[in-house]
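Contents: one structure, followed by commentary.
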Amino acid sequence: MDISVVIPLYNEAESLRELHAWIKRVMENHAFTYEVLFIDDGSNDDSWNIILDLARNNPEVRGFKFAKNYGKTAALQTGFNETQGQVVITMDADLQDSPDEIPELYKMITEDGYDLVSGWKQKRYDPITKTLPTKLFNATTRMIHDIPLHDMNCGLKAYNSKVTKNIIIYGEMHRYIPVVAKWSGFGKIGEKVVHHQARKYGHTKFGLERFFNGFLDLLSITFVNKFGKSPMHFFGLFGILSFLGGLAIATYLIGEKLYSIYNHQPYRNVTDNPLFFLGLTAALIGSQMFLAGFLGELLVRNSVKKDEYTIAEKT
């Protein structure tokens, strides 16, 4: 199969038939063999009934319905697990991503050899509550992870199937899939300017909370990818530094007291000095961080990751 199109959605009943017809027209015009996977993220409108109807009348359509709203990352990971195509295309269901971009994205993967190609919406029709956080996320991520993409979180992306079958995303990592792909060994990441359309139906499902959640997710993914396999490298390092700092303070205070006693000078008990409690706190924190590193290593070596998303129905 040439292409798998993965479409996560939440309450997008108005756009599904139009989107499917558009995708079908593009695929038939270019003689692609393909499938369309609709991942219903717990919608409470008529989305699932429309997906069922599309699947009954179109053999290329497959649908998966979550028991509740798990989020876009869960929907994408489920789609990645189920794809059969050589190239995987992801796009949003709100008709803001154009299926007309698919042939060129497919060519960049199959002929130009890219592992992942991300769309870049140079001209956007989103409200400032969506565009401002996106610009900040992209600038920060480019600076930290050295991935030269202008629109990291664009829903329209193309992947070599090797990428989607070898990366694991969870939480809210859909914003940083190129980072996950790069750290998984898929470093040839490209970008294509794509057309962005104004939303035709409904309203955006994202609010101002994405501004804060996005930066927290960036910190999380940075930590997990750098220290997820060896948490002792993080906790142990800072634990040792903190413990040695506390030990140095205690040694200094004791040495100062002994020096004063030896030279018959006035002195005070070590525990009467406020600096002693700072050193004690640093030593305790260091010991706890070191212990956290040990526990993290045990958890990493004994954990078995499993699918945490309940699929209520599929067709």
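Identifiers in this document derive from the order of the structure tokens: chains are assigned A, B, ..., residues are numbered from 1 separately in each chain, and ligands are numbered from 1 in order of occurrence.
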
- Task: Go through region 64-296 of chain A and collect every residue that DSSP, computed from the backbone, puts in helix (DSSP H, G or I); the answer should be as a PyMOL selection string.
- Result: chain A and resi 72-82+99-110+128-145+161-164+173-183+209-227+232-262+270-272+274-296

- strand (DSSP E) residues, from DSSP on the backbone, in region 35-282 of chain A, as a PyMOL selection string: chain A and resi 35-40+61-66+87-90+116-120+157-160+189-193

- If you count only C-alpha atoms, which residues fall within 8 Å of Gly155 (chain A), apart from same-chain ones fewer than 3 positions away, as a PyMOL selection string? chain A and resi 90-92+97+119

- Message: Give me, as number ranges by chain, all polymer residues having an atom no more than 9 Å from Ile147 (chain A), counting only C-alpha atoms and skipping those fewer than 5 positions away in the same chain.
- Response: A: 141-142, 152, 178-179, 182, 189

Counting only C-alpha atoms, which residues of region 92-194 of chain A fall within 12 Å of region 49-71 of chain A, and what is the closest atom pair for each with its distance in Å at one decimal, ordered by chain and rising number, as a tab-separated table?
```
residue	atom	partner	partner_atom	distance
A:Ala93	CA	A:Ile51	CA	12.0
A:Ile169	CA	A:Gly71	CA	11.6
A:Tyr170	CA	A:Gly71	CA	9.5
A:Gly171	CA	A:Gly71	CA	8.1
A:Glu172	CA	A:Gly71	CA	7.5
A:Met173	CA	A:Gly71	CA	10.2
A:His174	CA	A:Gly71	CA	9.4
A:Arg175	CA	A:Gly71	CA	11.7
```

- Spatial neighbours of region 247-252 of chain A, 9 Å, only C-alpha atoms, chain gap at least 3 places, as an NGL selection string: :A and (242-244 or 255-257 or 270 or 275-276 or 278-280 or 282-283)

- Can you work out which one of A:Asp115, A:Asp46, A:Glu28, A:Glu313 has the shortest atom-to-atom distance to Gln86 (chain A), counting only C-alpha atoms? A:Asp115

- Could you tell me how far CA of Asn81 (chain A) lies from CA of Ile221 (chain A), in Å and to one decimal?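 These two atoms are separated by 20.8 Å.
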
- Item | From A:Ala181, A:Ile240, A:Ile39, A:Ile254, residue lying nearest Arg268 (chain A) [only C-alpha atoms] |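 The closest residue to Arg268 (chain A) is A:Ile254.
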